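Student: Have a look at the structure that comes next, please.
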Amino acid sequence: MSRRNTWLFAGALVACLLVVGRSAPDDGPVARPVPAEAVKDVVPNRVMTWNICNPCDKSNADRAAEIAAYAPQVIGLQEACVRDVEQIREHLKGVYGLVYHVEYGSVLRNRGRCGGWPWDPGAFGQALLSAAPMTDRVSVEYPDGGSEDRGYMAVTTTVDGRSVRVFDTHLAQRRQEPVRARQTAVLAAAVGRYDRAVVLGDFNAVPDTPELDPFRGLAADTDPGCRPSPVGTCEATTDWESKFDYVFLRGVTSLRHRVHPSPYSDHHLLLADLRV
């Protein structure tokens, strides 16, 4: 091979490595031990919401272990890359024996967040995992996403042995209050069409902010400290000590609410055990 061809080959190899970037294979199905008190099978009345943070270069094996420790019936993920979710599902099934169906509510294709090739970047948005089959999926982009496309998705699935409509959303980033107010109005109109609904998501807003007004009287926060009361505080769900993540319930009762900090995202896992 000539010197010129050698340099061309080396340059092409470097360019290829730069292009692939985050598309390189993730860690294999290595089991990370879950706590001794972890459940051994899916809990049929448990739901969870979690913004898994992308791009954060976290291990999908570790993310799966976090989920496996609590094994919810339904999981709403935000900032979800399809590639990451598929690997999380593989870990949950192959390592922990937990089998989930999946539906996606991707709102954009973005190589910076999700890897992939320049002409085929990864899909980014929401994802819903359910131990039961899901039907009647819808995926809606908000008319105004703010600084980045945002939306919600919804499916019908089974929680606590009964059919329920489940929504998953991610609202506009902080300091975009007017945008979020318009988004919650769109979401509330959709939720209000159902007698039984569970709304999961990262609302990027603290509980007493006006942009959450469309949900007041429509659906109750699973966190009892966030319900109207002379005293009480809402439990933080983020590393910066704010509550941005919610499980709202319409026609459904909350039995237990828990927040679990995680080293694998700047958002905590938010879980609720329900009576439907």
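Scheme for the structure tokens: letters A, B, ... for chains in order shown; per-chain residue numbers from 1; ligand numbers from 1 in order shown.
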Taking 3 positions as the minimum chain separation for residues in the same chain, which residues sit within 12 Å of Thr158 in chain A when counting only C-alpha atoms? Answer as a list in words.
Tutor: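 Counting only C-alpha atoms, the residues come to Val43, Pro44, Asn45, Arg46, Val47, Pro72, Gln73, Val74, His101, Leu129, Ser130, Ala131, Ala132, Pro133, Met134, Thr135, Val155, Gly161, Arg162, Ser163, Val164, Arg165, Val166, Arg196, Ala197, Val198, Leu274, Arg275 and Val276 of chain A.
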Student: Might you pull out every residue within 12 Å of range 256-267 of chain A, with only C-alpha atoms counted and same-chain residues fewer than 6 positions away left off, and present them as JSON, numbers by chain?
Tutor: {"A": [45, 46, 47, 48, 49, 50, 51, 52, 53, 54, 55, 56, 57, 58, 59, 60, 61, 62, 63, 64, 65, 66, 67, 69, 70, 77, 78, 79, 80, 201, 202, 203, 204, 221, 222, 223, 224, 225, 226, 234, 235, 236, 237, 238, 239, 240, 241, 242, 243, 244, 245, 246, 247, 248, 273, 274, 275]}
Student: Can you work out the spacing between CA of Leu218 in chain A and CA of Ala181 in chain A in Å, to one decimal?
Tutor: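 These two atoms are separated by 15.2 Å.
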Student: Need to verify the contact set: Ala68 in chain A, 10 Å, only C-alpha atoms, exclusion of same-chain residues closer than 6 positions in sequence. Can you return it as number ranges by chain?
Tutor: A: 33-35, 38-42, 62, 91-93, 95-98
Student: I'd like to know which residues of range 100-218 of chain A are strand (DSSP E) (by DSSP, run on the backbone); could you write them as JSON, numbers by chain?
Tutor: {"A": [101, 102, 103, 104, 105, 106, 107, 108, 109, 116, 117, 120, 121, 123, 124, 125, 126, 127, 128, 129, 130, 135, 136, 137, 138, 139, 140, 141, 151, 152, 153, 154, 155, 156, 157, 158, 159, 162, 163, 164, 165, 166, 167, 168, 169, 170, 197, 198, 199, 200, 201, 202]}
Student: With N, CA and C atoms retained, export the selected residues as a short mmCIF file (atom, residue, chain, number, x, y, z; two decimals), in the first residue's frame.
Tutor:
```
data_model
loop_
_atom_site.label_atom_id
_atom_site.label_comp_id
_atom_site.auth_asym_id
_atom_site.auth_seq_id
_atom_site.Cartn_x
_atom_site.Cartn_y
_atom_site.Cartn_z
N HIS A 101 -43.74 -5.45 27.25
CA HIS A 101 -44.07 -4.90 25.94
C HIS A 101 -43.61 -3.45 25.90
N VAL A 102 -43.48 -2.87 24.71
CA VAL A 102 -43.02 -1.48 24.61
C VAL A 102 -43.77 -0.76 23.50
N GLU A 103 -44.05 0.51 23.73
CA GLU A 103 -44.55 1.43 22.72
C GLU A 103 -43.75 2.72 22.83
N TYR A 104 -43.56 3.39 21.67
CA TYR A 104 -42.73 4.59 21.65
C TYR A 104 -43.54 5.83 21.27
N GLY A 105 -43.13 6.94 21.84
CA GLY A 105 -43.69 8.24 21.49
C GLY A 105 -42.56 9.18 21.12
N SER A 106 -41.73 8.77 20.18
CA SER A 106 -40.57 9.58 19.79
C SER A 106 -41.03 10.87 19.12
N VAL A 107 -40.34 11.97 19.44
CA VAL A 107 -40.71 13.27 18.90
C VAL A 107 -39.63 13.87 18.00
N LEU A 108 -38.45 13.31 18.01
CA LEU A 108 -37.40 13.80 17.11
C LEU A 108 -36.34 12.74 16.92
N ARG A 109 -35.53 12.95 15.90
CA ARG A 109 -34.38 12.08 15.64
C ARG A 109 -33.14 12.94 15.83
N GLY A 116 -26.19 7.02 16.44
CA GLY A 116 -26.61 6.67 15.09
C GLY A 116 -25.76 7.36 14.04
N TRP A 117 -26.10 7.16 12.80
CA TRP A 117 -25.39 7.77 11.68
C TRP A 117 -25.96 9.15 11.37
N ASP A 120 -29.10 8.74 9.71
CA ASP A 120 -30.06 7.89 10.40
C ASP A 120 -29.88 8.00 11.90
N PRO A 121 -30.12 9.19 12.48
CA PRO A 121 -29.92 9.37 13.92
C PRO A 121 -30.98 8.64 14.74
N ALA A 123 -33.94 7.73 17.44
CA ALA A 123 -35.22 8.33 17.81
C ALA A 123 -35.23 8.63 19.30
N PHE A 124 -35.82 9.78 19.67
CA PHE A 124 -35.77 10.30 21.03
C PHE A 124 -37.15 10.79 21.43
N GLY A 125 -37.54 10.52 22.69
CA GLY A 125 -38.83 10.99 23.19
C GLY A 125 -39.27 10.19 24.38
N GLN A 126 -40.53 9.73 24.35
CA GLN A 126 -41.09 8.95 25.44
C GLN A 126 -41.13 7.47 25.07
N ALA A 127 -41.23 6.62 26.09
CA ALA A 127 -41.46 5.20 25.89
C ALA A 127 -42.30 4.68 27.05
N LEU A 128 -43.23 3.78 26.74
CA LEU A 128 -44.03 3.12 27.76
C LEU A 128 -43.75 1.62 27.71
N LEU A 129 -43.40 1.06 28.85
CA LEU A 129 -43.21 -0.37 29.01
C LEU A 129 -44.34 -0.91 29.88
N SER A 130 -44.92 -2.04 29.50
CA SER A 130 -46.00 -2.63 30.27
C SER A 130 -45.86 -4.14 30.26
N THR A 135 -52.75 -1.33 23.80
CA THR A 135 -53.53 -1.09 22.59
C THR A 135 -53.81 0.40 22.45
N ASP A 136 -54.32 0.77 21.28
CA ASP A 136 -54.79 2.14 21.01
C ASP A 136 -53.73 3.20 21.30
N ARG A 137 -52.52 2.93 20.85
CA ARG A 137 -51.44 3.89 21.07
C ARG A 137 -51.67 5.14 20.25
N VAL A 138 -51.40 6.29 20.89
CA VAL A 138 -51.35 7.56 20.18
C VAL A 138 -50.06 8.26 20.58
N SER A 139 -49.49 9.01 19.67
CA SER A 139 -48.30 9.81 19.94
C SER A 139 -48.54 11.19 19.36
N VAL A 140 -48.48 12.21 20.22
CA VAL A 140 -48.86 13.57 19.83
C VAL A 140 -47.72 14.51 20.14
N GLU A 141 -47.32 15.30 19.16
CA GLU A 141 -46.37 16.38 19.42
C GLU A 141 -47.16 17.64 19.79
N GLY A 151 -43.79 16.19 23.47
CA GLY A 151 -45.11 15.64 23.20
C GLY A 151 -45.56 14.70 24.29
N TYR A 152 -46.67 14.01 24.01
CA TYR A 152 -47.14 12.97 24.92
C TYR A 152 -47.55 11.76 24.12
N MET A 153 -47.58 10.61 24.78
CA MET A 153 -48.10 9.39 24.19
C MET A 153 -49.10 8.79 25.16
N ALA A 154 -49.96 7.91 24.65
CA ALA A 154 -50.95 7.27 25.50
C ALA A 154 -51.25 5.88 24.96
N VAL A 155 -51.55 4.97 25.88
CA VAL A 155 -51.94 3.60 25.52
C VAL A 155 -53.03 3.16 26.49
N THR A 156 -53.72 2.11 26.12
CA THR A 156 -54.62 1.43 27.04
C THR A 156 -53.97 0.11 27.43
N THR A 157 -53.87 -0.13 28.73
CA THR A 157 -53.25 -1.36 29.22
C THR A 157 -53.89 -1.74 30.54
N THR A 158 -53.32 -2.74 31.21
CA THR A 158 -53.91 -3.27 32.44
C THR A 158 -53.05 -2.89 33.64
N VAL A 159 -53.69 -2.31 34.65
CA VAL A 159 -53.06 -2.01 35.93
C VAL A 159 -54.00 -2.49 37.02
N ARG A 162 -57.25 -4.16 35.89
CA ARG A 162 -58.30 -3.45 35.17
C ARG A 162 -57.71 -2.60 34.05
N SER A 163 -58.53 -2.36 33.06
CA SER A 163 -58.10 -1.55 31.92
C SER A 163 -58.03 -0.08 32.33
N VAL A 164 -56.96 0.58 31.92
CA VAL A 164 -56.77 1.99 32.27
C VAL A 164 -56.01 2.67 31.14
N ARG A 165 -56.29 3.94 30.93
CA ARG A 165 -55.56 4.73 29.94
C ARG A 165 -54.34 5.32 30.62
N VAL A 166 -53.16 5.11 30.03
CA VAL A 166 -51.90 5.58 30.61
C VAL A 166 -51.26 6.58 29.66
N PHE A 167 -50.89 7.74 30.19
CA PHE A 167 -50.24 8.79 29.43
C PHE A 167 -48.80 8.93 29.92
N ASP A 168 -47.93 9.35 29.01
CA ASP A 168 -46.51 9.60 29.33
C ASP A 168 -46.10 10.86 28.60
N THR A 169 -45.53 11.84 29.33
CA THR A 169 -45.21 13.11 28.70
C THR A 169 -43.90 13.68 29.23
N HIS A 170 -43.36 14.63 28.48
CA HIS A 170 -42.19 15.41 28.88
C HIS A 170 -42.44 16.83 28.39
N ALA A 197 -57.59 7.18 34.35
CA ALA A 197 -56.36 7.50 33.64
C ALA A 197 -55.22 7.67 34.63
N VAL A 198 -54.02 7.30 34.18
CA VAL A 198 -52.78 7.51 34.92
C VAL A 198 -51.87 8.34 34.02
N VAL A 199 -51.36 9.45 34.55
CA VAL A 199 -50.50 10.34 33.78
C VAL A 199 -49.11 10.32 34.41
N LEU A 200 -48.11 9.91 33.64
CA LEU A 200 -46.73 9.81 34.09
C LEU A 200 -45.90 10.84 33.34
N GLY A 201 -44.88 11.39 34.00
CA GLY A 201 -44.01 12.24 33.21
C GLY A 201 -43.19 13.24 33.98
N ASP A 202 -42.30 13.86 33.20
CA ASP A 202 -41.46 14.96 33.67
C ASP A 202 -42.10 16.26 33.17
#
```
Student: Between CA of Glu177 in chain A and CA of Thr253 in chain A, what distance in Å does the model show, to one decimal?
Tutor: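 Straight-line distance from CA of Glu177 in chain A to CA of Thr253 in chain A works out to 29.2 Å.
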Student: I'd like to know which of A:Thr233, A:Gly112, A:Gly122, A:Tyr100 is closest to Asp84 in chain A, using only C-alpha atoms.
Tutor: A:Gly122
Student: Just how far from CA of Glu148 in chain A is CA of Arg111 in chain A, in Å to one decimal?
Tutor: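 A separation of 14.1 Å between them.
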Student: Within range 139-218 of chain A, find each residue whose DSSP state, derived from the backbone, is helix (DSSP H, G or I), and express the selection as an MDAnalysis selection string.
Tutor: chainID A and resid 177:191 210:215
